[in-house]
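Peer 1: query07.txt is reproduced below (compact mmCIF, C-alpha atoms).
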# COMPACT_ATOMS: atom_id res chain seq x y z
CA MET A 1 0.00 0.00 0.00
CA TRP A 2 2.70 2.48 0.99
CA ARG A 3 4.64 1.72 -2.16
CA VAL A 4 1.59 2.52 -4.26
CA LEU A 5 1.09 5.72 -2.30
CA ILE A 6 4.70 6.79 -2.76
CA ALA A 7 4.59 5.94 -6.46
CA LEU A 8 1.47 8.05 -6.88
CA VAL A 9 3.01 10.97 -5.02
CA VAL A 10 6.04 10.78 -7.29
CA LEU A 11 3.80 10.64 -10.33
CA VAL A 12 1.79 13.64 -9.21
CA VAL A 13 4.90 15.66 -8.52
CA ALA A 14 6.50 14.65 -11.79
CA THR A 15 3.49 15.57 -13.86
CA SER A 16 2.67 18.84 -12.17
CA SER A 17 5.79 20.62 -13.29
CA PRO A 18 4.29 23.90 -14.49
CA ALA A 19 4.71 25.34 -11.05
CA TRP A 20 8.45 24.91 -11.33
CA ALA A 21 8.98 26.34 -14.74
CA THR A 22 10.66 29.67 -14.70
CA HIS A 23 9.35 32.10 -17.22
CA CYS A 24 8.74 30.61 -20.63
CA ARG A 25 10.47 32.28 -23.52
CA TRP A 26 11.16 32.31 -27.22
CA VAL A 27 13.90 33.71 -29.40
CA VAL A 28 13.24 35.47 -32.68
CA ASP A 29 16.07 36.21 -35.08
CA PRO A 30 14.47 38.98 -37.10
CA ALA A 31 14.92 39.28 -40.84
CA SER A 32 13.04 42.50 -41.47
CA THR A 33 11.62 45.40 -39.53
CA LEU A 34 8.30 44.55 -41.14
CA ASP A 35 8.11 41.06 -39.68
CA VAL A 36 5.04 40.77 -37.50
CA ILE A 37 5.20 39.05 -34.12
CA SER A 38 1.93 37.97 -32.61
CA ALA A 39 1.28 36.48 -29.20
CA MET A 40 -1.91 34.52 -28.55
CA ASN A 41 -2.73 33.87 -24.92
CA ARG A 42 -4.52 30.57 -24.41
CA GLU A 43 -4.36 30.66 -20.63
CA GLY A 44 -7.35 31.17 -18.37
CA GLY A 45 -6.08 34.54 -17.16
CA ALA A 46 -4.52 37.63 -18.68
CA ASP A 47 -0.79 37.65 -19.29
CA ASN A 48 1.79 39.74 -21.09
CA VAL A 49 5.14 39.31 -22.77
CA GLU A 50 8.29 41.36 -22.67
CA PHE A 51 10.85 41.90 -25.40
CA GLN A 52 14.60 42.35 -24.99
CA ILE A 53 17.22 42.77 -27.69
CA PHE A 54 20.64 41.12 -27.40
CA ASP A 55 23.68 41.59 -29.61
CA ASN A 56 26.06 38.90 -30.84
CA SER A 57 28.17 39.12 -27.72
CA GLY A 58 25.18 38.56 -25.45
CA THR A 59 24.83 42.11 -24.25
CA MET A 60 21.32 43.44 -23.89
CA LEU A 61 20.78 46.61 -25.88
CA GLY A 62 18.30 49.30 -24.95
CA GLY A 63 15.48 48.77 -22.51
CA THR A 64 12.90 46.07 -21.92
CA PHE A 65 9.67 46.59 -23.77
CA GLN A 66 6.60 45.07 -22.16
CA SER A 67 3.37 44.44 -24.04
CA PRO A 68 0.10 45.51 -22.51
CA LEU A 69 -1.90 42.79 -20.78
CA ILE A 70 -3.21 40.21 -23.21
CA ALA A 71 -6.66 39.01 -22.20
CA ALA A 72 -7.37 35.31 -21.74
CA GLY A 73 -7.82 34.01 -25.28
CA GLY A 74 -6.60 37.35 -26.62
CA ARG A 75 -3.87 38.44 -28.99
CA PHE A 76 -1.15 41.08 -29.18
CA GLU A 77 0.59 42.03 -32.39
CA ILE A 78 3.69 44.13 -33.00
CA THR A 79 6.23 44.58 -35.77
CA VAL A 80 9.93 44.02 -35.34
CA GLY A 81 10.44 47.69 -36.19
CA ASN A 82 8.23 48.70 -33.31
CA VAL A 83 9.99 46.35 -30.89
CA TYR A 84 13.31 47.98 -31.73
CA ALA A 85 11.82 51.47 -31.52
CA SER A 86 10.16 50.73 -28.19
CA ALA A 87 13.38 49.27 -26.81
CA GLY A 88 15.31 52.29 -28.05
CA VAL A 89 17.54 50.26 -30.36
CA SER A 90 18.39 51.30 -33.93
CA THR A 91 17.00 48.99 -36.58
CA ALA A 92 20.38 49.32 -38.32
CA LEU A 93 21.45 46.68 -35.81
CA LEU A 94 18.84 44.22 -37.00
CA ARG A 95 21.36 41.84 -38.58
CA LYS A 96 23.58 41.70 -35.52
CA THR A 97 20.98 41.25 -32.83
CA TYR A 98 18.10 39.00 -31.87
CA ILE A 99 14.96 39.36 -29.81
CA LEU A 100 14.30 37.45 -26.60
CA VAL A 101 10.62 37.28 -25.74
CA ARG A 102 9.61 36.27 -22.25
CA GLU A 103 6.24 35.50 -20.74
CA VAL A 104 5.85 37.70 -17.73
CA GLY A 105 3.44 35.87 -15.47
CA GLY A 106 1.85 32.88 -17.13
CA PHE A 107 2.75 30.01 -19.36
CA GLU A 108 0.31 29.34 -22.14
CA THR A 109 1.00 31.91 -24.82
CA ILE A 110 1.73 30.99 -28.43
CA LEU A 111 4.07 33.14 -30.47
CA GLN A 112 4.09 33.25 -34.25
CA VAL A 113 6.12 35.38 -36.65
CA LYS A 114 4.84 36.45 -40.05
CA THR A 115 7.68 37.33 -42.35
CA GLY A 116 5.71 38.53 -45.34
CA ARG A 117 6.27 35.33 -47.25
CA GLU A 118 5.69 32.80 -44.54
CA THR A 119 4.82 32.25 -40.90
CA PHE A 120 6.86 30.38 -38.34
CA GLN A 121 6.32 29.42 -34.74
CA PRO A 122 9.39 29.67 -32.51
CA LEU A 123 9.67 26.93 -29.92
CA HIS A 124 8.55 27.73 -26.42
CA PHE A 125 11.30 26.89 -23.96
CA ASP A 126 11.95 27.29 -20.28
CA SER A 127 15.17 28.81 -19.10
CA GLY A 128 16.57 25.37 -18.25
CA PHE A 129 15.73 23.92 -21.69
CA SER A 130 14.18 21.06 -19.78
CA GLY A 131 10.80 20.96 -21.48
CA THR A 132 9.27 21.97 -18.23
CA GLY A 133 5.53 21.73 -17.96
CA SER A 134 3.65 24.47 -19.63
CA CYS A 135 6.62 25.83 -21.54
CA ASP A 136 6.52 22.68 -23.60
CA GLN A 137 3.82 22.95 -26.22
CA HIS A 138 4.51 19.76 -28.04
CA MET B 1 -5.45 5.92 3.94
CA TRP B 2 -7.94 4.99 1.21
CA ARG B 3 -9.16 8.54 1.00
CA VAL B 4 -5.61 9.74 0.45
CA LEU B 5 -5.12 7.08 -2.20
CA ILE B 6 -8.33 8.01 -4.00
CA LEU B 7 -7.39 11.69 -3.85
CA LEU B 8 -3.99 10.97 -5.33
CA VAL B 9 -5.47 8.85 -8.12
CA ALA B 10 -7.82 11.72 -8.92
CA LEU B 11 -4.87 14.10 -8.94
CA VAL B 12 -2.91 11.86 -11.27
CA LEU B 13 -5.83 11.66 -13.67
CA ALA B 14 -6.33 15.39 -13.54
CA ALA B 15 -2.65 16.11 -13.96
CA PRO B 16 -1.64 17.58 -17.30
CA GLY B 17 -0.54 15.11 -19.88
CA LEU B 18 -2.13 12.04 -18.46
CA GLY B 19 -5.83 12.49 -18.68
CA TRP B 20 -8.32 13.83 -21.13
CA ALA B 21 -6.35 16.40 -23.03
CA ILE B 22 -7.92 18.39 -25.84
CA CYS B 23 -5.46 19.06 -28.62
CA GLN B 24 -5.38 22.44 -30.31
CA TRP B 25 -3.43 24.68 -32.63
CA ALA B 26 -3.37 28.47 -33.02
CA ILE B 27 -2.98 30.06 -36.42
CA ASP B 28 -2.34 33.74 -36.89
CA PRO B 29 -3.39 34.09 -40.52
CA GLY B 30 -1.33 36.14 -42.93
CA ALA B 31 -3.68 36.14 -45.91
CA THR B 32 -7.15 34.96 -46.83
CA GLY B 33 -5.60 32.74 -49.47
CA ASP B 34 -3.61 30.75 -46.91
CA VAL B 35 -4.54 27.07 -47.09
CA ILE B 36 -5.01 25.00 -43.93
CA SER B 37 -4.88 21.25 -44.24
CA ALA B 38 -5.50 18.62 -41.59
CA MET B 39 -4.20 15.09 -42.08
CA ASN B 40 -5.59 12.47 -39.75
CA GLN B 41 -3.00 9.86 -38.82
CA GLY B 42 -5.21 8.26 -36.20
CA PRO B 43 -6.80 4.83 -36.58
CA VAL B 44 -10.34 6.20 -36.61
CA GLY B 45 -12.16 9.15 -38.09
CA ASP B 46 -11.74 12.49 -36.38
CA ASP B 47 -12.54 16.12 -37.04
CA VAL B 48 -11.34 19.67 -36.40
CA THR B 49 -13.35 22.69 -35.31
CA PHE B 50 -12.20 26.21 -36.16
CA GLN B 51 -13.00 29.26 -34.03
CA ILE B 52 -11.98 32.88 -34.54
CA PHE B 53 -10.90 35.02 -31.57
CA ASP B 54 -10.20 38.74 -31.51
CA ASN B 55 -7.37 40.47 -29.67
CA ALA B 56 -9.49 40.75 -26.54
CA GLY B 57 -10.10 37.01 -26.47
CA VAL B 58 -13.72 37.21 -27.58
CA GLN B 59 -14.90 34.60 -30.06
CA GLN B 60 -16.16 36.13 -33.28
CA GLY B 61 -18.92 34.46 -35.28
CA MET B 62 -19.67 30.77 -35.24
CA SER B 63 -17.54 27.66 -34.81
CA VAL B 64 -16.70 25.95 -38.09
CA PRO B 65 -16.58 22.14 -38.02
CA SER B 66 -14.56 20.33 -40.66
CA GLY B 67 -16.82 17.31 -40.85
CA ALA B 68 -15.38 13.85 -40.33
CA ILE B 69 -11.87 13.21 -41.59
CA ALA B 70 -11.31 9.52 -42.26
CA SER B 71 -8.41 7.63 -40.75
CA PHE B 72 -5.42 8.70 -42.84
CA GLY B 73 -7.73 11.15 -44.58
CA ARG B 74 -7.22 14.82 -45.27
CA TYR B 75 -9.32 17.97 -45.03
CA GLU B 76 -8.41 21.23 -46.68
CA THR B 77 -9.84 24.71 -46.33
CA THR B 78 -8.72 28.29 -46.78
CA VAL B 79 -8.57 31.08 -44.25
CA ARG B 80 -11.12 32.90 -46.39
CA ALA B 81 -13.55 29.97 -46.23
CA ILE B 82 -13.21 29.69 -42.46
CA TYR B 83 -13.98 33.39 -41.98
CA ALA B 84 -16.88 33.20 -44.42
CA THR B 85 -18.38 30.11 -42.82
CA ALA B 86 -17.95 31.58 -39.36
CA GLY B 87 -19.70 34.74 -40.52
CA VAL B 88 -16.70 36.94 -39.76
CA SER B 89 -15.50 39.61 -42.17
CA SER B 90 -12.09 38.79 -43.58
CA SER B 91 -11.22 42.46 -43.08
CA LEU B 92 -10.68 41.43 -39.45
CA ILE B 93 -7.91 39.03 -40.40
CA LYS B 94 -5.22 41.29 -38.96
CA THR B 95 -6.88 41.63 -35.58
CA THR B 96 -7.97 38.05 -35.03
CA TYR B 97 -6.57 34.53 -34.99
CA ILE B 98 -7.88 31.05 -35.58
CA LEU B 99 -8.04 28.38 -32.89
CA ALA B 100 -8.33 24.85 -34.29
CA THR B 101 -9.47 22.11 -31.91
CA GLU B 102 -9.19 18.39 -32.56
CA GLY B 103 -12.30 16.29 -32.01
CA VAL B 104 -11.83 12.98 -30.27
CA GLY B 105 -8.31 11.95 -31.17
CA ARG B 106 -4.81 13.33 -30.94
CA GLU B 107 -3.22 12.28 -34.17
CA ILE B 108 -4.05 14.99 -36.64
CA ILE B 109 -1.31 17.01 -38.26
CA LEU B 110 -2.13 20.54 -39.28
CA GLN B 111 -0.16 22.50 -41.84
CA VAL B 112 -0.60 25.97 -43.29
CA LYS B 113 0.46 26.92 -46.80
CA THR B 114 1.01 30.65 -46.98
CA GLY B 115 2.04 31.07 -50.58
CA GLY B 116 5.61 31.79 -49.50
CA GLY B 117 6.07 28.58 -47.56
CA THR B 118 4.41 25.97 -45.40
CA PHE B 119 4.51 25.85 -41.64
CA GLN B 120 3.26 23.39 -39.09
CA PRO B 121 1.81 25.01 -35.98
CA GLU B 122 2.68 23.31 -32.71
CA HIS B 123 0.11 20.86 -31.44
CA PHE B 124 -0.66 21.71 -27.82
CA ASP B 125 -3.04 20.48 -25.20
CA THR B 126 -5.18 22.91 -23.29
CA ALA B 127 -2.78 22.82 -20.34
CA PHE B 128 0.34 23.06 -22.52
CA ALA B 129 1.55 19.93 -20.79
CA GLY B 130 2.83 17.96 -23.74
CA ALA B 131 -0.10 15.57 -24.01
CA CYS B 132 -0.55 16.25 -27.72
CA ASP B 133 3.06 15.73 -28.65
CA GLN B 134 3.52 14.96 -32.34
CA ARG B 135 7.10 13.88 -32.01
Just dump the structure as structure tokens.
Peer 2:
Amino acid sequence: MWRVLIALVVLVVATSSPAWATHCRWVVDPASTLDVISAMNREGGADNVEFQIFDNSGTMLGGTFQSPLIAAGGRFEITVGNVYASAGVSTALLRKTYILVREVGGFETILQVKTGRETFQPLHFDSGFSGTGSCDQH
Amino acid sequence: MWRVLILLVALVLAAPGLGWAICQWAIDPGATGDVISAMNQGPVGDDVTFQIFDNAGVQQGMSVPSGAIASFGRYETTVRAIYATAGVSSSLIKTTYILATEGVGREIILQVKTGGGTFQPEHFDTAFAGACDQR
């Protein structure tokens, strides 16, 4: 009996990992200032995302730009040009930088990038790259 | 003791990834001409329902069912047809997105042809817990 109980406790703990995930994030290597980034929040509560720009040496440039709250089931859209402008970074640095997007409070947002010719969906990862709970959409 | 055991069994069943996950995809459409196709790799027929949500999270128009997709069958539609069938103006395409929900199974693959390329949205369960993993 106790073995069953312990096994169940382990199973519960192992499958309830969302609580442990640090903030979920995505990276976007932008190709054009016109690329459109959209975030769709599928969680039960409102959430937002924040954008940071890093250069090739790993130094964050400019400030952090935070989206307004995205309602449950809602959507937020922004262009790469506007992310750079809001962060105070010149778009001339587009080819030598990338965007880190981080969920601020929740977990269940989907990010897609429309490039003009196609759309892609960056993978949702946790900071430990461990596929933790709700950062793992697959 | 038995109460604890029953509670834990209930927790296990309710835990993400183990129980009754509903598989979904989100599609942020780029053009009305984009083509969405669903290929059912499950052993039985299944279906997909499309819903349109605005930026505030409010569903617009009606849900659009695909109809049954046979085992190993395929269903194809366009973004334009989904908006038309849902009764939503396609002029709202830039301020809305499509949520596609799988019917009874978990083995449908969804792909979107945009004209410039094809992409495969991630297949997620409602808790984002990996229960609808395609890999």
Peer 1: May I have the protein, DNA and RNA residues with any atom at most 12 Å from the point (23.7, 42.7, -40.7), counting all atoms listed in the file, written as a list of chain:residue names?
Peer 2: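 Here is the list of nearby residues: A:Asp29, A:Pro30, A:Ala31, A:Ser32, A:Asp55, A:Asn56, A:Thr91, A:Ala92, A:Leu93, A:Leu94, A:Arg95, A:Lys96, A:Thr97, A:Tyr98.
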Peer 1: Using all atoms listed in the file, what does the table of chain B residues within 6 Å of chain A look like, with each row giving the shortest atom pair and its distance in Å to one decimal, sorted by chain and ascending number, as JSON lines?
Peer 2:
{"residue": "B:Val12", "atom": "CA", "partner": "A:Val12", "partner_atom": "CA", "distance": 5.4}
{"residue": "B:Asn55", "atom": "CA", "partner": "A:Arg75", "partner_atom": "CA", "distance": 4.1}
{"residue": "B:Ala56", "atom": "CA", "partner": "A:Gly74", "partner_atom": "CA", "distance": 4.5}
{"residue": "B:Gly57", "atom": "CA", "partner": "A:Gly74", "partner_atom": "CA", "distance": 3.5}
{"residue": "B:Thr114", "atom": "CA", "partner": "A:Glu118", "partner_atom": "CA", "distance": 5.7}
{"residue": "B:Gly116", "atom": "CA", "partner": "A:Arg117", "partner_atom": "CA", "distance": 4.2}
{"residue": "B:Gly117", "atom": "CA", "partner": "A:Glu118", "partner_atom": "CA", "distance": 5.2}
{"residue": "B:His123", "atom": "CA", "partner": "A:His138", "partner_atom": "CA", "distance": 5.7}
{"residue": "B:Phe124", "atom": "CA", "partner": "A:Gln137", "partner_atom": "CA", "distance": 4.9}
{"residue": "B:Phe128", "atom": "CA", "partner": "A:Ser134", "partner_atom": "CA", "distance": 4.6}
{"residue": "B:Ala129", "atom": "CA", "partner": "A:Ser134", "partner_atom": "CA", "distance": 5.1}
{"residue": "B:Gly130", "atom": "CA", "partner": "A:His138", "partner_atom": "CA", "distance": 5.0}
{"residue": "B:Asp133", "atom": "CA", "partner": "A:His138", "partner_atom": "CA", "distance": 4.3}
Peer 1: Keeping only C-alpha atoms, take the residues you just selected and write them out as a CSV table (one decimal), keeping the file's coordinate frame.
Peer 2:
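Just written: part-v6.csv:
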chain,number,residue,atom,x,y,z
B,12,VAL,CA,-2.9,11.9,-11.3
B,55,ASN,CA,-7.4,40.5,-29.7
B,56,ALA,CA,-9.5,40.8,-26.5
B,57,GLY,CA,-10.1,37.0,-26.5
B,114,THR,CA,1.0,30.6,-47.0
B,116,GLY,CA,5.6,31.8,-49.5
B,117,GLY,CA,6.1,28.6,-47.6
B,123,HIS,CA,0.1,20.9,-31.4
B,124,PHE,CA,-0.7,21.7,-27.8
B,128,PHE,CA,0.3,23.1,-22.5
B,129,ALA,CA,1.6,19.9,-20.8
B,130,GLY,CA,2.8,18.0,-23.7
B,133,ASP,CA,3.1,15.7,-28.6
Peer 1: Mind giving me the straight-line distance from atom CA of A:Val101 to atom CA of B:Ile98 in Å, one decimal?
Peer 2: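 Result for atom CA of A:Val101 versus atom CA of B:Ile98: 21.9 Å, one decimal.
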Peer 1: Under the rule that only C-alpha atoms are counted, which of B:Gly45, B:Gly61, B:Gly33, B:Pro121 is the nearest residue to B:Ser89?
Peer 2: B:Gly61
Peer 1: Which residue gives the smallest distance to A:Val49 among A:Val104, A:Leu61, A:Val89, A:Val80, with all atoms listed in the file counted?
Peer 2: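 With all atoms listed in the file as the atom set, the closest residue is A:Val104.
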Peer 1: Starting from the sparse input, extend stretch 44-68 of chain A to N, CA and C atoms and give the output as a tab-separated table (two decimals), in the coordinates of the input.
Peer 2:
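What follows is the written file out.tsv:
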chain	number	residue	atom	x	y	z
A	44	GLY	N	-6.08	30.74	-18.95
A	44	GLY	CA	-7.35	31.17	-18.37
A	44	GLY	C	-7.34	32.59	-17.84
A	45	GLY	N	-6.18	33.17	-17.66
A	45	GLY	CA	-6.08	34.54	-17.16
A	45	GLY	C	-5.24	35.40	-18.08
A	46	ALA	N	-5.30	36.71	-17.86
A	46	ALA	CA	-4.52	37.63	-18.68
A	46	ALA	C	-3.03	37.45	-18.41
A	47	ASP	N	-2.24	37.78	-19.40
A	47	ASP	CA	-0.79	37.65	-19.29
A	47	ASP	C	-0.18	38.70	-20.22
A	48	ASN	N	1.11	38.90	-20.12
A	48	ASN	CA	1.79	39.74	-21.09
A	48	ASN	C	3.18	39.19	-21.38
A	49	VAL	N	3.80	39.75	-22.39
A	49	VAL	CA	5.14	39.31	-22.77
A	49	VAL	C	6.06	40.53	-22.79
A	50	GLU	N	7.35	40.26	-22.59
A	50	GLU	CA	8.29	41.36	-22.67
A	50	GLU	C	9.38	41.03	-23.68
A	51	PHE	N	9.89	42.06	-24.32
A	51	PHE	CA	10.85	41.90	-25.40
A	51	PHE	C	12.17	42.54	-24.98
A	52	GLN	N	13.26	41.81	-25.23
A	52	GLN	CA	14.60	42.35	-24.99
A	52	GLN	C	15.45	42.05	-26.21
A	53	ILE	N	16.37	42.93	-26.51
A	53	ILE	CA	17.22	42.77	-27.69
A	53	ILE	C	18.66	42.53	-27.23
A	54	PHE	N	19.25	41.48	-27.75
A	54	PHE	CA	20.64	41.12	-27.40
A	54	PHE	C	21.51	41.18	-28.65
A	55	ASP	N	22.75	41.60	-28.47
A	55	ASP	CA	23.68	41.59	-29.61
A	55	ASP	C	24.45	40.28	-29.65
A	56	ASN	N	25.35	40.16	-30.63
A	56	ASN	CA	26.06	38.90	-30.84
A	56	ASN	C	26.95	38.50	-29.68
A	57	SER	N	27.31	39.47	-28.86
A	57	SER	CA	28.17	39.12	-27.72
A	57	SER	C	27.36	38.87	-26.45
A	58	GLY	N	26.03	38.89	-26.59
A	58	GLY	CA	25.18	38.56	-25.45
A	58	GLY	C	24.85	39.73	-24.56
A	59	THR	N	25.13	40.92	-25.04
A	59	THR	CA	24.83	42.11	-24.25
A	59	THR	C	23.44	42.63	-24.62
A	60	MET	N	22.65	42.88	-23.62
A	60	MET	CA	21.32	43.44	-23.89
A	60	MET	C	21.45	44.89	-24.31
A	61	LEU	N	20.76	45.23	-25.39
A	61	LEU	CA	20.78	46.61	-25.88
A	61	LEU	C	19.45	47.28	-25.55
A	62	GLY	N	19.52	48.55	-25.22
A	62	GLY	CA	18.30	49.30	-24.95
A	62	GLY	C	17.57	48.83	-23.70
A	63	GLY	N	16.27	49.12	-23.68
A	63	GLY	CA	15.48	48.77	-22.51
A	63	GLY	C	14.60	47.56	-22.79
A	64	THR	N	13.88	47.15	-21.77
A	64	THR	CA	12.90	46.07	-21.92
A	64	THR	C	11.57	46.68	-22.32
A	65	PHE	N	10.98	46.11	-23.36
A	65	PHE	CA	9.67	46.59	-23.77
A	65	PHE	C	8.63	45.55	-23.37
A	66	GLN	N	7.63	45.99	-22.63
A	66	GLN	CA	6.60	45.07	-22.16
A	66	GLN	C	5.28	45.35	-22.89
A	67	SER	N	4.66	44.28	-23.37
A	67	SER	CA	3.37	44.44	-24.04
A	67	SER	C	2.32	44.79	-23.00
A	68	PRO	N	1.22	45.37	-23.45
A	68	PRO	CA	0.10	45.51	-22.51
A	68	PRO	C	-0.44	44.13	-22.14
